[in-house]
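Written out below as structure tokens is the structure these notes cover.
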Amino acid sequence: MLLEFKNVTGITKGFNLTDISFQIPAGYLVGLAGKNGSGKTTLLHYIADGKKQYTGSIRFQGEELHNSHTKFLNQIAFVADEAPFFKQYSGRQNAKLLAPFYPEWDWDIFFRASEEVDLFSGSKQKLDIPLANLSRGEYLRFQMVIAMAHCTKLYLLDEVTGGMDPVFCREFFRLLSGILMGGDASVLMVTHIVEELKERADYVGILEGGRLKSFGEAFDAVLV
């Protein structure tokens with residue numbers, strides 16, 4: 001099992017997550033849906049931030065994540081509007097700064113993925129533009145390229161599809177499908193756009209008030 005939550009409970013800035021339990025096998029797209037304030041982003045930060053305090057267990061590839069966060073840092077990617085990069089530098093410069101921190105970094109994947117998402121093609125060399133000057137969609141694409149380049153096993157996507165036009169949304173999910181085809185990586189995305197999960201995700205969970213109201217295969221999900 002790639003990721004397992006078992007009875008996870010915690011309080012972050014006065015917000016509660018209560019008794020969260022679910023599993024994510026490798027090779028699947030899993031969505032968590034809920035209204036703003038339901039606990040979606042908080043849950044992702046429990047995975048991505050080793051300093052978060054909680055009770056219960058979060059296991060990644062069979063090991064307790066809280067005790068091995070540094071070990072697994074290169075295998076988990078957090079993709080969001082507020083994800084921290086060096087925005088005054090270009091995408092290429094960011095990659096050069098970050099690559100030494102990832103033991104499995106692959107420059108061939110980086111450039112191939114950059115071309116695939118149209119960040120490095122012909123005269124449109126958006127890799128050489130400061131990240132602060134990229135559009136929201138381009139910034140999200142850049143984050144996905146970085147994640148692919150360091151051979152991520154778990155992609156955490158925080159409300160990434162909000163505001164996407166239909167064409168870009170289809171392209172983005174096509175990119176995710178390509179990532180999942182290898183069978184060793186999974187995507188956990190949270191969104192308040194619940195309709196897309198039933199169409200795109202393999203498993204869907206419903207969060208409400210910090211509690212996981214349901215979790216199961218997408219076609220069985222009752223969306224709020």
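Order determines the names: the first chain of the structure tokens is A, the second B, and so forth; residues in each chain are numbered 1 upward, and ligands are numbered 1 upward as they are shown.
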Compile the contact shell of range 186-198 of chain A as a VMD selection string: residues with an atom at most 6 Å away, counting only C-alpha atoms, same-chain residues fewer than 6 positions apart removed. chain A and resid 26 to 35 40 154 to 159 218
Could you save those same residues with C-alpha atoms as a compact mmCIF listing (two decimals), in the first residue's frame?
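Produced file result13.txt, reproduced below:
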# COMPACT_ATOMS: atom_id res chain seq x y z
CA ALA A 26 0.05 2.60 -6.11
CA GLY A 27 -1.10 3.50 -9.60
CA TYR A 28 -4.36 5.29 -8.80
CA LEU A 29 -5.90 8.75 -8.88
CA VAL A 30 -7.68 9.44 -5.60
CA GLY A 31 -9.81 12.51 -4.97
CA LEU A 32 -10.99 14.08 -1.75
CA ALA A 33 -13.95 16.41 -2.17
CA GLY A 34 -15.50 18.87 0.20
CA LYS A 35 -16.48 22.46 0.72
CA LYS A 40 -8.79 19.01 2.57
CA LEU A 154 2.95 10.51 -4.44
CA TYR A 155 1.59 13.70 -6.02
CA LEU A 156 -0.44 15.91 -3.66
CA LEU A 157 -2.58 18.31 -5.70
CA ASP A 158 -4.33 21.10 -3.80
CA GLU A 159 -7.26 22.64 -5.71
CA ALA A 218 -15.63 6.70 -7.70
List every residue of range 71-184 of chain A that has an atom at most 12 Å from any atom of range 49-62 of chain A, giving for each one its closest atom pair and the distance in Å to one decimal, counting only C-alpha atoms, sorted by chain and then by ascending residue number, as a tab-separated table.
residue	atom	partner	partner_atom	distance
A:Lys71	CA	A:Phe60	CA	10.7
A:Phe72	CA	A:Phe60	CA	8.2
A:Leu73	CA	A:Gly50	CA	9.3
A:Gln75	CA	A:Phe60	CA	9.8
A:Ile76	CA	A:Phe60	CA	9.7
A:Ala77	CA	A:Asp49	CA	11.0
A:Phe78	CA	A:Asp49	CA	9.8
A:Lys153	CA	A:Gln61	CA	9.6
A:Leu154	CA	A:Phe60	CA	9.2
A:Leu156	CA	A:Asp49	CA	11.8
A:Asp184	CA	A:Gln61	CA	10.7
Using only C-alpha atoms, determine which residues lie at most 8 Å from range 106-112 of chain A, disregarding the query and same-chain residues fewer than 3 positions distant; provide the list as a count of residues only. 9
I'd like to know which residues of range 12-102 of chain A are strand (DSSP E) (by DSSP, run on the backbone); could you write them as a PyMOL selection string? chain A and resi 12+15-24+29-33+55-60+63-64+76-79
So that I can see what lies close to Phe215 in chain A, please list as a PyMOL selection string the residues with an atom at most 7 Å from it, counting only C-alpha atoms and leaving out residues fewer than 5 positions away in the same chain. chain A and resi 204-206
Tell me, as number ranges by chain, which residues lie within 12 Å of range 87-96 of chain A, counting only C-alpha atoms; anything in the same chain fewer than 4 positions away does not count. A: 81-83, 100-102, 105-107, 109-111, 114, 119-120, 125-134, 138-150
Could you take the residues named above and write them with N, CA and C atoms, as a compact mmCIF listing (two decimals), in the first residue's frame?
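Here's the written file selection29.txt:
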# COMPACT_ATOMS: atom_id res chain seq x y z
N ASP A 81 -1.08 26.49 -5.67
CA ASP A 81 -0.80 27.88 -6.01
C ASP A 81 0.26 28.48 -5.09
N GLU A 82 0.22 28.10 -3.80
CA GLU A 82 1.12 28.71 -2.83
C GLU A 82 2.40 27.91 -2.63
N ALA A 83 2.64 26.88 -3.44
CA ALA A 83 3.84 26.07 -3.27
C ALA A 83 5.10 26.94 -3.36
N PRO A 100 20.21 19.15 -6.72
CA PRO A 100 21.14 18.47 -5.80
C PRO A 100 20.47 17.89 -4.55
N PHE A 101 19.26 18.35 -4.23
CA PHE A 101 18.59 17.86 -3.03
C PHE A 101 17.81 16.57 -3.27
N TYR A 102 17.73 16.15 -4.53
CA TYR A 102 16.95 14.96 -4.88
C TYR A 102 17.88 13.90 -5.46
N TRP A 105 17.08 12.66 -9.04
CA TRP A 105 16.80 13.66 -10.06
C TRP A 105 17.27 13.19 -11.43
N ASP A 106 16.43 13.41 -12.46
CA ASP A 106 16.74 12.96 -13.82
C ASP A 106 16.53 14.13 -14.77
N TRP A 107 17.64 14.67 -15.31
CA TRP A 107 17.52 15.82 -16.21
C TRP A 107 16.82 15.46 -17.51
N ILE A 109 14.29 13.43 -17.86
CA ILE A 109 12.86 13.53 -17.58
C ILE A 109 12.44 14.99 -17.48
N PHE A 110 13.26 15.81 -16.84
CA PHE A 110 12.92 17.22 -16.68
C PHE A 110 12.69 17.89 -18.03
N PHE A 111 13.61 17.71 -18.96
CA PHE A 111 13.48 18.39 -20.25
C PHE A 111 12.38 17.76 -21.10
N SER A 114 9.15 19.00 -19.69
CA SER A 114 8.99 20.42 -20.01
C SER A 114 8.46 20.60 -21.42
N LEU A 119 6.52 23.97 -21.84
CA LEU A 119 7.35 24.95 -21.15
C LEU A 119 8.70 25.13 -21.83
N PHE A 120 8.99 24.25 -22.77
CA PHE A 120 10.30 24.31 -23.44
C PHE A 120 10.12 23.77 -24.85
N GLN A 125 10.44 29.45 -24.87
CA GLN A 125 11.26 28.86 -23.81
C GLN A 125 10.86 29.46 -22.45
N LYS A 126 9.71 29.01 -21.99
CA LYS A 126 9.18 29.55 -20.74
C LYS A 126 10.00 29.13 -19.53
N LEU A 127 10.88 28.16 -19.72
CA LEU A 127 11.77 27.78 -18.62
C LEU A 127 12.73 28.91 -18.27
N ASP A 128 12.90 29.88 -19.16
CA ASP A 128 13.84 30.97 -18.92
C ASP A 128 13.15 32.25 -18.44
N ILE A 129 11.85 32.16 -18.14
CA ILE A 129 11.09 33.29 -17.62
C ILE A 129 11.00 33.16 -16.11
N PRO A 130 11.16 34.27 -15.36
CA PRO A 130 10.97 34.18 -13.91
C PRO A 130 9.61 33.57 -13.57
N LEU A 131 9.59 32.70 -12.58
CA LEU A 131 8.34 32.04 -12.22
C LEU A 131 7.24 33.05 -11.88
N ALA A 132 7.62 34.20 -11.34
CA ALA A 132 6.64 35.22 -10.98
C ALA A 132 5.89 35.74 -12.20
N ASN A 133 6.47 35.57 -13.41
CA ASN A 133 5.85 36.07 -14.63
C ASN A 133 5.03 35.01 -15.37
N LEU A 134 5.01 33.79 -14.85
CA LEU A 134 4.22 32.74 -15.49
C LEU A 134 2.75 32.88 -15.11
N GLU A 138 0.76 27.83 -16.14
CA GLU A 138 2.17 27.54 -16.41
C GLU A 138 2.92 27.21 -15.13
N TYR A 139 2.57 27.90 -14.05
CA TYR A 139 3.22 27.64 -12.76
C TYR A 139 2.89 26.24 -12.26
N LEU A 140 1.65 25.80 -12.44
CA LEU A 140 1.26 24.45 -12.05
C LEU A 140 1.98 23.42 -12.92
N ARG A 141 2.09 23.70 -14.20
CA ARG A 141 2.81 22.79 -15.09
C ARG A 141 4.27 22.65 -14.67
N PHE A 142 4.89 23.79 -14.33
CA PHE A 142 6.27 23.75 -13.89
C PHE A 142 6.43 22.88 -12.65
N GLN A 143 5.51 23.01 -11.70
CA GLN A 143 5.59 22.18 -10.49
C GLN A 143 5.49 20.70 -10.82
N MET A 144 4.62 20.36 -11.76
CA MET A 144 4.49 18.96 -12.15
C MET A 144 5.78 18.45 -12.80
N VAL A 145 6.42 19.30 -13.60
CA VAL A 145 7.68 18.91 -14.24
C VAL A 145 8.75 18.64 -13.19
N ILE A 146 8.86 19.52 -12.20
CA ILE A 146 9.83 19.31 -11.11
C ILE A 146 9.53 17.99 -10.40
N ALA A 147 8.26 17.74 -10.10
CA ALA A 147 7.89 16.50 -9.40
C ALA A 147 8.24 15.27 -10.23
N MET A 148 7.98 15.32 -11.52
CA MET A 148 8.30 14.19 -12.38
C MET A 148 9.81 13.96 -12.45
N ALA A 149 10.57 15.06 -12.44
CA ALA A 149 12.03 14.96 -12.58
C ALA A 149 12.68 14.31 -11.37
N HIS A 150 12.09 14.45 -10.18
CA HIS A 150 12.70 13.77 -9.03
C HIS A 150 11.97 12.48 -8.67
Closest to Leu207 in chain A among A:Asp19, A:Asp165, A:Glu63, A:Asp118, using only C-alpha atoms?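 Closest candidate: A:Asp19.
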With DSSP run on the backbone, what are the helix (DSSP H, G or I) residues within range 30-96 of chain A? I'd like them as a VMD selection string. chain A and resid 40 to 48 65 to 67 69 to 75 91 to 96
Two-atom distance - CA of Phe85 in chain A, CA of Ala99 in chain A (Å): 12.9 Å
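The shortest atom-to-atom distance to Gly163 in chain A, with only C-alpha atoms taken into account, belongs to A:Gly137 out of A:Gly216, A:Pro103, A:Gly137, A:Gly209.
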Could you work out how far CA of Phe172 in chain A lies from CA of Val160 in chain A, giving the answer in Å with one decimal? 9.6 Å
